[in-house]
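Containing compact mmCIF, C-alpha atoms: upload34.txt.
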# COMPACT_ATOMS: atom_id res chain seq x y z
CA MET S 1 0.00 0.00 0.00
CA GLY S 2 1.34 3.44 -0.86
CA ILE S 3 1.46 6.47 1.38
CA LEU S 4 -1.48 8.04 -0.43
CA ASP S 5 -3.61 5.00 -1.29
CA ASN S 6 -6.66 6.54 0.45
CA PHE S 7 -6.06 10.08 -0.78
CA GLU S 8 -9.41 10.34 -2.57
CA LYS S 9 -11.28 10.48 0.75
CA GLY S 10 -9.79 13.86 1.52
CA LEU S 11 -9.00 15.45 -1.81
CA GLU S 12 -11.56 18.23 -1.54
CA ARG S 13 -10.68 19.50 1.95
CA ALA S 14 -9.53 23.11 1.92
CA VAL S 15 -5.88 23.94 2.60
CA ASN S 16 -5.96 27.27 4.42
CA GLY S 17 -5.67 28.94 7.82
CA ALA S 18 -8.77 27.15 9.14
CA PHE S 19 -7.18 23.81 8.27
CA ALA S 20 -4.06 24.78 10.19
CA LYS S 21 -6.12 25.49 13.30
CA THR S 22 -8.24 22.36 13.04
CA PHE S 23 -5.53 19.78 12.35
CA LYS S 24 -3.02 20.24 15.15
CA SER S 25 -0.80 17.50 13.78
CA GLY S 26 0.14 19.72 10.86
CA LEU S 27 0.09 19.19 7.12
CA GLN S 28 -0.84 15.76 5.77
CA PRO S 29 0.26 14.25 2.43
CA VAL S 30 -3.33 14.08 1.21
CA GLU S 31 -3.64 17.86 1.60
CA ILE S 32 -0.63 18.37 -0.65
CA THR S 33 -2.28 16.15 -3.26
CA SER S 34 -5.48 18.17 -3.01
CA ALA S 35 -3.57 21.44 -3.46
CA LEU S 36 -1.70 20.08 -6.49
CA ARG S 37 -4.94 18.91 -8.05
CA ARG S 38 -6.55 22.31 -7.61
CA GLU S 39 -3.47 24.01 -9.04
CA LEU S 40 -3.72 21.84 -12.15
CA ASP S 41 -7.40 22.59 -12.61
CA THR S 42 -6.93 26.32 -12.01
CA LYS S 43 -3.94 26.79 -14.32
CA ALA S 44 -4.96 24.43 -17.15
CA ALA S 45 -5.46 26.44 -20.34
CA VAL S 46 -7.32 25.48 -23.51
CA VAL S 47 -4.95 26.16 -26.42
CA SER S 48 -7.01 24.35 -29.07
CA ARG S 49 -10.04 22.12 -29.35
CA ASP S 50 -7.94 19.03 -28.67
CA ARG S 51 -5.26 20.45 -26.42
CA ILE S 52 -5.48 21.57 -22.78
CA LEU S 53 -2.07 22.58 -21.48
CA ALA S 54 -1.33 22.23 -17.75
CA PRO S 55 1.75 23.29 -15.75
CA ASN S 56 4.42 20.65 -15.31
CA ARG S 57 6.74 22.21 -12.72
CA PHE S 58 5.53 22.55 -9.12
CA VAL S 59 7.16 24.00 -6.01
CA VAL S 60 5.28 22.96 -2.88
CA ARG S 61 5.89 25.43 -0.05
CA MET S 62 5.10 24.61 3.58
CA ALA S 63 6.07 25.53 7.14
CA PRO S 64 9.55 24.35 8.23
CA ALA S 65 8.09 21.87 10.76
CA ASP S 66 5.85 20.34 8.08
CA PHE S 67 8.74 20.23 5.62
CA GLN S 68 10.86 18.34 8.12
CA ARG S 69 8.16 15.69 8.53
CA MET S 70 7.46 15.40 4.80
CA ASN S 71 11.14 15.31 3.92
CA GLY S 72 11.53 12.42 6.34
CA LEU S 73 9.27 10.32 4.11
CA GLY S 74 11.98 10.41 1.46
CA ALA S 75 11.61 10.08 -2.29
CA ALA S 76 8.56 7.81 -1.96
CA LEU S 77 6.30 10.76 -1.11
CA THR S 78 7.27 12.87 -4.11
CA ASP S 79 7.15 9.79 -6.32
CA GLU S 80 3.52 9.20 -5.35
CA LEU S 81 2.61 12.88 -5.65
CA THR S 82 4.01 12.89 -9.19
CA GLN S 83 2.11 9.74 -10.11
CA LEU S 84 -1.16 11.14 -8.77
CA VAL S 85 -0.70 14.42 -10.65
CA ALA S 86 -0.11 12.46 -13.86
CA GLN S 87 -3.20 10.32 -13.23
CA HIS S 88 -5.37 13.39 -12.62
CA ALA S 89 -4.02 15.02 -15.78
CA THR S 90 -4.87 11.90 -17.77
CA SER S 91 -8.42 11.77 -16.38
CA GLN S 92 -8.97 15.44 -17.32
CA ARG S 93 -7.20 15.12 -20.71
CA TYR S 94 -4.57 17.66 -19.72
CA GLN S 95 -1.25 17.68 -21.56
CA PHE S 96 2.22 18.74 -20.43
CA ALA S 97 4.89 20.63 -22.36
CA GLY S 98 7.63 18.56 -20.71
CA GLY S 99 8.32 16.12 -17.91
CA LEU S 100 6.75 16.53 -14.47
CA SER S 101 8.77 17.95 -11.59
CA ILE S 102 7.65 18.41 -7.97
CA VAL S 103 9.91 19.98 -5.35
CA LEU S 104 9.11 20.38 -1.65
CA THR S 105 10.54 23.40 0.14
CA ALA S 106 10.28 25.10 3.55
CA ASP S 107 8.74 28.58 3.79
CA PRO S 108 9.13 30.32 7.18
CA GLY S 109 6.29 32.66 6.22
CA LEU S 110 3.70 29.86 6.36
CA SER S 111 2.02 28.57 9.51
CA GLU S 112 2.12 24.87 10.31
CA GLY S 113 -0.62 23.03 8.43
CA MET S 114 -0.65 25.40 5.45
CA VAL S 115 0.62 24.74 1.92
CA GLN S 116 1.07 26.90 -1.16
CA ILE S 117 1.83 25.77 -4.69
CA ASP S 118 3.89 27.68 -7.27
CA SER S 119 3.55 26.24 -10.76
CA SER S 120 4.94 26.92 -14.21
CA THR S 121 5.02 25.43 -17.67
CA VAL S 122 8.49 24.48 -18.90
CA GLN S 123 9.01 23.08 -22.37
CA GLY S 124 11.46 20.29 -22.84
CA GLY S 125 11.93 16.59 -23.25
CA VAL S 126 12.21 13.80 -20.74
CA SER S 127 14.88 11.16 -20.34
CA TRP S 128 14.61 8.03 -18.21
CA THR S 129 17.06 6.75 -15.62
CA PRO S 130 16.92 3.43 -13.72
CA VAL S 131 17.45 3.62 -9.95
CA VAL S 132 17.10 1.42 -6.89
CA ASP S 133 15.87 2.60 -3.48
CA ILE S 134 17.54 0.80 -0.56
CA ASN S 135 17.03 1.72 3.10
CA GLY S 136 15.89 5.24 2.25
CA LYS S 137 18.78 5.95 -0.15
CA ARG S 138 18.55 6.16 -3.93
CA TYR S 139 21.25 4.73 -6.22
CA PRO S 140 21.25 5.54 -9.97
CA LEU S 141 22.14 2.49 -12.06
CA THR S 142 24.93 3.85 -14.23
CA LYS S 143 26.30 0.48 -15.43
CA SER S 144 24.80 -2.29 -17.53
CA ARG S 145 25.33 -4.67 -14.59
CA THR S 146 25.13 -3.55 -10.96
CA VAL S 147 26.04 -6.04 -8.23
CA ILE S 148 24.41 -5.66 -4.80
CA GLY S 149 25.65 -7.43 -1.67
CA ARG S 150 27.53 -7.01 1.59
CA GLY S 151 30.99 -7.39 0.11
CA SER S 152 33.27 -4.42 -0.48
CA ASP S 153 33.65 -5.50 -4.10
CA ALA S 154 29.90 -5.09 -4.77
CA ASP S 155 28.80 -2.01 -6.70
CA ILE S 156 26.25 -1.26 -3.96
CA THR S 157 27.33 -2.49 -0.52
CA ILE S 158 24.65 -3.13 2.10
CA ASP S 159 25.04 -3.79 5.82
CA ASP S 160 23.07 -7.01 6.11
CA THR S 161 24.62 -10.24 7.41
CA GLY S 162 21.74 -12.17 5.84
CA THR S 163 23.05 -11.40 2.36
CA SER S 164 25.95 -12.82 0.40
CA ARG S 165 28.99 -10.75 -0.56
CA ARG S 166 27.75 -10.66 -4.16
CA HIS S 167 24.07 -11.48 -3.79
CA VAL S 168 22.16 -10.18 -6.83
CA GLU S 169 22.80 -8.11 -9.90
CA ILE S 170 20.54 -5.71 -11.77
CA ILE S 171 20.98 -5.87 -15.54
CA TRP S 172 19.97 -2.79 -17.57
CA ASP S 173 20.15 -2.75 -21.37
CA GLY S 174 18.87 0.79 -21.81
CA ASN S 175 15.23 -0.27 -22.15
CA ARG S 176 14.58 -3.17 -19.84
CA ALA S 177 15.89 -4.44 -16.54
CA GLN S 178 16.43 -7.94 -15.16
CA VAL S 179 17.34 -9.22 -11.72
CA ARG S 180 19.64 -12.24 -11.34
CA ASP S 181 20.57 -14.10 -8.18
CA LEU S 182 24.32 -14.71 -8.12
CA GLY S 183 24.16 -18.07 -6.35
CA SER S 184 23.50 -16.51 -2.96
CA THR S 185 23.27 -18.65 0.17
CA ASN S 186 19.80 -17.49 1.26
CA GLY S 187 18.33 -16.80 -2.15
CA SER S 188 16.38 -13.79 -3.47
CA GLN S 189 12.73 -12.89 -3.88
CA LEU S 190 10.96 -10.78 -6.48
CA ASN S 191 7.67 -9.36 -5.21
CA GLY S 192 7.61 -12.09 -2.56
CA VAL S 193 8.34 -14.99 -4.93
CA PRO S 194 11.71 -16.81 -5.05
CA VAL S 195 13.65 -15.82 -8.15
CA LYS S 196 16.78 -16.85 -10.01
CA GLN S 197 16.48 -14.49 -12.97
CA ALA S 198 13.51 -12.49 -14.22
CA ILE S 199 12.38 -9.29 -15.92
CA LEU S 200 12.34 -6.42 -13.41
CA GLU S 201 9.46 -4.02 -13.95
CA PRO S 202 9.29 -0.51 -12.43
CA ASP S 203 8.21 -0.46 -8.77
CA SER S 204 9.12 -4.13 -8.36
CA THR S 205 10.55 -5.18 -5.00
CA VAL S 206 13.57 -7.46 -4.62
CA THR S 207 14.21 -8.90 -1.15
CA ILE S 208 17.62 -10.21 -0.10
CA GLY S 209 18.18 -11.12 3.53
CA ARG S 210 16.47 -8.39 5.58
CA THR S 211 16.97 -5.79 2.84
CA THR S 212 14.30 -4.53 0.46
CA ILE S 213 15.34 -3.15 -2.93
CA VAL S 214 12.78 -1.16 -4.93
CA PHE S 215 13.52 -0.74 -8.65
CA ARG S 216 12.22 2.38 -10.38
CA VAL S 217 12.65 4.20 -13.70
CA VAL S 218 12.56 7.94 -13.02
CA PRO S 219 12.07 10.75 -15.54
CA GLN S 220 14.49 13.65 -15.83
CA SER S 221 13.01 16.81 -17.31
CA THR S 222 15.30 18.70 -19.67
CA SER S 223 14.78 22.24 -20.94
CA ALA S 224 14.73 22.62 -24.69
CA SER S 225 17.68 25.01 -24.43
CA GLN S 226 19.75 22.99 -21.95
CA GLN S 227 21.81 19.85 -22.04
CA PRO S 228 20.58 16.97 -19.82
CA ALA S 229 21.57 17.42 -16.19
CA ALA S 230 22.03 14.84 -13.45
CA PRO S 231 18.95 12.64 -13.01
CA ALA S 232 16.37 14.02 -10.60
CA ALA S 233 16.02 11.71 -7.63
CA HIS S 234 12.56 12.78 -6.58
CA VAL S 235 10.12 11.53 -9.23
CA THR S 236 9.05 8.23 -10.74
CA PRO S 237 6.96 7.37 -13.81
CA PRO S 238 3.58 5.68 -13.43
CA ALA S 239 2.89 2.94 -15.93
CA ASP S 240 0.22 5.01 -17.68
CA ARG S 241 2.18 8.23 -18.09
CA PRO S 242 0.62 10.17 -21.00
CA ASP S 243 4.08 11.13 -22.29
CA MET S 244 5.38 7.57 -22.50
CA GLY S 245 5.25 5.54 -25.68
CA GLY S 246 4.72 2.08 -24.24
CA PHE S 247 5.86 1.03 -20.79
CA TRP S 248 9.58 1.62 -20.90
CA GLY S 249 10.25 4.96 -22.49
CA PRO S 250 9.10 8.17 -24.14
CA SER S 251 7.47 8.18 -27.53
CA ALA S 252 9.64 8.81 -30.58

Would you encode the structure as structure tokens?
Amino acid sequence: MGILDNFEKGLERAVNGAFAKTFKSGLQPVEITSALRRELDTKAAVVSRDRILAPNRFVVRMAPADFQRMNGLGAALTDELTQLVAQHATSQRYQFAGGLSIVLTADPGLSEGMVQIDSSTVQGGVSWTPVVDINGKRYPLTKSRTVIGRGSDADITIDDTGTSRRHVEIIWDGNRAQVRDLGSTNGSQLNGVPVKQAILEPDSTVTIGRTTIVFRVVPQSTSASQQPAAPAAHVTPPADRPDMGGFWGPSA
């Protein structure tokens, strides 16, 4: 279950001073989703009969105390926010000029429980980068084969005595990923099922020892006038992204 699986129950609650007074626990993820949804609906512009353009860059501002709590949720929160924005855009037939980007930031001028959204439309393309999330840390997969284990010779070293020195490897050919167990002592699981070698789809979970590895393919937005920068570590593509041609990459 994701952080925001039940977000629909609270999507229409107002995010304002009254909310801050009522909910003493501060800002909740579902309120951020609601604010993003309203920002999309408010800023979407009809540019032709078949084209409704919506902003694709969002800065989510909140009180420092709220930011500290939200930031503690790690990349998973922004990943889900991005996916939900894309799903809402699809349902409303909105289109984007470039890849989606959502950034959380602290604003000392806001009271706890309040949120404000700054949005803009930025033209550009989108490139896709494979990553794995392990124990709250994100590792870009920069090689065609990435070995994970507890040994110092592994590409990604984990502190888990239940894993072998070279336990599994992630194979990336530029379009698809596979996971392969490297003859480990305790074996590996893919989405809870023992695995030797298999296709690794986005958001799949590989378990080795007591360690959970989540594989993702994240989009990097690039301005039309800029060269690609380092991959953004805070977004992930849903399977039904409107700007993807098929499951694994952008349309030609």

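With CA of Pro29 (chain S) on one side and CA of Ala86 (chain S) on the other, the separation reads 16.4 Å.
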
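Coordinates place CA of Val30 (chain S) at a distance of 11.9 Å from CA of Thr78 (chain S).
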
Counting only C-alpha atoms, the residue among S:Gln92, S:Tyr139, S:Arg166, S:Leu53 that lies closest to Gly151 (chain S) is S:Arg166

For Glu201 (chain S), list every protein, DNA or RNA residue within 8 Å, evaluated using all atoms listed in the file, and leave out those in the same chain fewer than 5 positions away; present the list as a compact mmCIF listing (two decimals) with C-alpha atoms, keeping the file's coordinate frame.
# COMPACT_ATOMS: atom_id res chain seq x y z
CA ARG S 176 14.58 -3.17 -19.84
CA ALA S 177 15.89 -4.44 -16.54
CA PHE S 215 13.52 -0.74 -8.65
CA ARG S 216 12.22 2.38 -10.38

Using all atoms listed in the file, the shortest atom-to-atom distance to Thr212 (chain S) among S:Ile134, S:Ile102, S:Val115, S:Val147 belongs to S:Ile134

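For the atom pair formed by CA of Gly174 (chain S) and CA of Pro55 (chain S), the distance is 28.9 Å, given to one decimal.
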
N, CA and C atoms are needed for region 124-151 of chain S; please write them out as a short mmCIF file (atom, residue, chain, number, x, y, z; two decimals), keeping the file's coordinate frame.
data_model
loop_
_atom_site.label_atom_id
_atom_site.label_comp_id
_atom_site.auth_asym_id
_atom_site.auth_seq_id
_atom_site.Cartn_x
_atom_site.Cartn_y
_atom_site.Cartn_z
N GLY S 124 10.27 21.11 -22.82
CA GLY S 124 11.46 20.29 -22.84
C GLY S 124 11.11 18.84 -23.02
N GLY S 125 12.13 18.02 -23.09
CA GLY S 125 11.93 16.59 -23.25
C GLY S 125 12.05 15.90 -21.90
N VAL S 126 12.05 14.59 -21.95
CA VAL S 126 12.21 13.80 -20.74
C VAL S 126 13.08 12.59 -21.06
N SER S 127 14.05 12.36 -20.21
CA SER S 127 14.88 11.16 -20.34
C SER S 127 14.63 10.28 -19.13
N TRP S 128 14.98 9.00 -19.24
CA TRP S 128 14.61 8.03 -18.21
C TRP S 128 15.85 7.37 -17.63
N THR S 129 15.89 7.28 -16.32
CA THR S 129 17.06 6.75 -15.62
C THR S 129 16.63 5.67 -14.65
N PRO S 130 17.25 4.47 -14.69
CA PRO S 130 16.92 3.43 -13.72
C PRO S 130 17.60 3.70 -12.38
N VAL S 131 16.89 3.44 -11.30
CA VAL S 131 17.45 3.62 -9.95
C VAL S 131 16.94 2.49 -9.07
N VAL S 132 17.62 2.30 -7.93
CA VAL S 132 17.10 1.42 -6.89
C VAL S 132 17.07 2.21 -5.58
N ASP S 133 16.01 2.00 -4.80
CA ASP S 133 15.87 2.60 -3.48
C ASP S 133 16.14 1.52 -2.45
N ILE S 134 17.14 1.77 -1.58
CA ILE S 134 17.54 0.80 -0.56
C ILE S 134 17.70 1.53 0.76
N ASN S 135 16.92 1.15 1.76
CA ASN S 135 17.03 1.72 3.10
C ASN S 135 16.99 3.25 3.09
N GLY S 136 16.07 3.80 2.29
CA GLY S 136 15.89 5.24 2.25
C GLY S 136 16.89 5.99 1.39
N LYS S 137 17.78 5.29 0.70
CA LYS S 137 18.78 5.95 -0.15
C LYS S 137 18.57 5.51 -1.59
N ARG S 138 18.75 6.44 -2.51
CA ARG S 138 18.55 6.16 -3.93
C ARG S 138 19.88 6.05 -4.65
N TYR S 139 20.02 4.99 -5.47
CA TYR S 139 21.25 4.73 -6.22
C TYR S 139 20.92 4.69 -7.72
N PRO S 140 21.40 5.65 -8.51
CA PRO S 140 21.25 5.54 -9.97
C PRO S 140 22.03 4.34 -10.49
N LEU S 141 21.46 3.63 -11.45
CA LEU S 141 22.14 2.49 -12.06
C LEU S 141 22.87 2.98 -13.31
N THR S 142 24.15 3.24 -13.16
CA THR S 142 24.93 3.85 -14.23
C THR S 142 25.67 2.81 -15.08
N LYS S 143 25.60 1.54 -14.70
CA LYS S 143 26.30 0.48 -15.43
C LYS S 143 25.28 -0.51 -15.99
N SER S 144 25.71 -1.28 -16.96
CA SER S 144 24.80 -2.29 -17.53
C SER S 144 24.54 -3.41 -16.54
N ARG S 145 25.49 -3.66 -15.63
CA ARG S 145 25.33 -4.67 -14.59
C ARG S 145 25.76 -4.07 -13.25
N THR S 146 24.86 -4.11 -12.28
CA THR S 146 25.13 -3.55 -10.96
C THR S 146 24.96 -4.64 -9.93
N VAL S 147 26.05 -4.97 -9.23
CA VAL S 147 26.04 -6.04 -8.23
C VAL S 147 25.72 -5.43 -6.86
N ILE S 148 24.82 -6.10 -6.13
CA ILE S 148 24.41 -5.66 -4.80
C ILE S 148 24.70 -6.78 -3.81
N GLY S 149 25.33 -6.44 -2.70
CA GLY S 149 25.65 -7.43 -1.67
C GLY S 149 26.38 -6.78 -0.52
N ARG S 150 26.85 -7.58 0.42
CA ARG S 150 27.53 -7.01 1.59
C ARG S 150 29.04 -6.92 1.43
N GLY S 151 29.55 -7.43 0.33
CA GLY S 151 30.99 -7.39 0.11
C GLY S 151 31.47 -6.04 -0.38
#
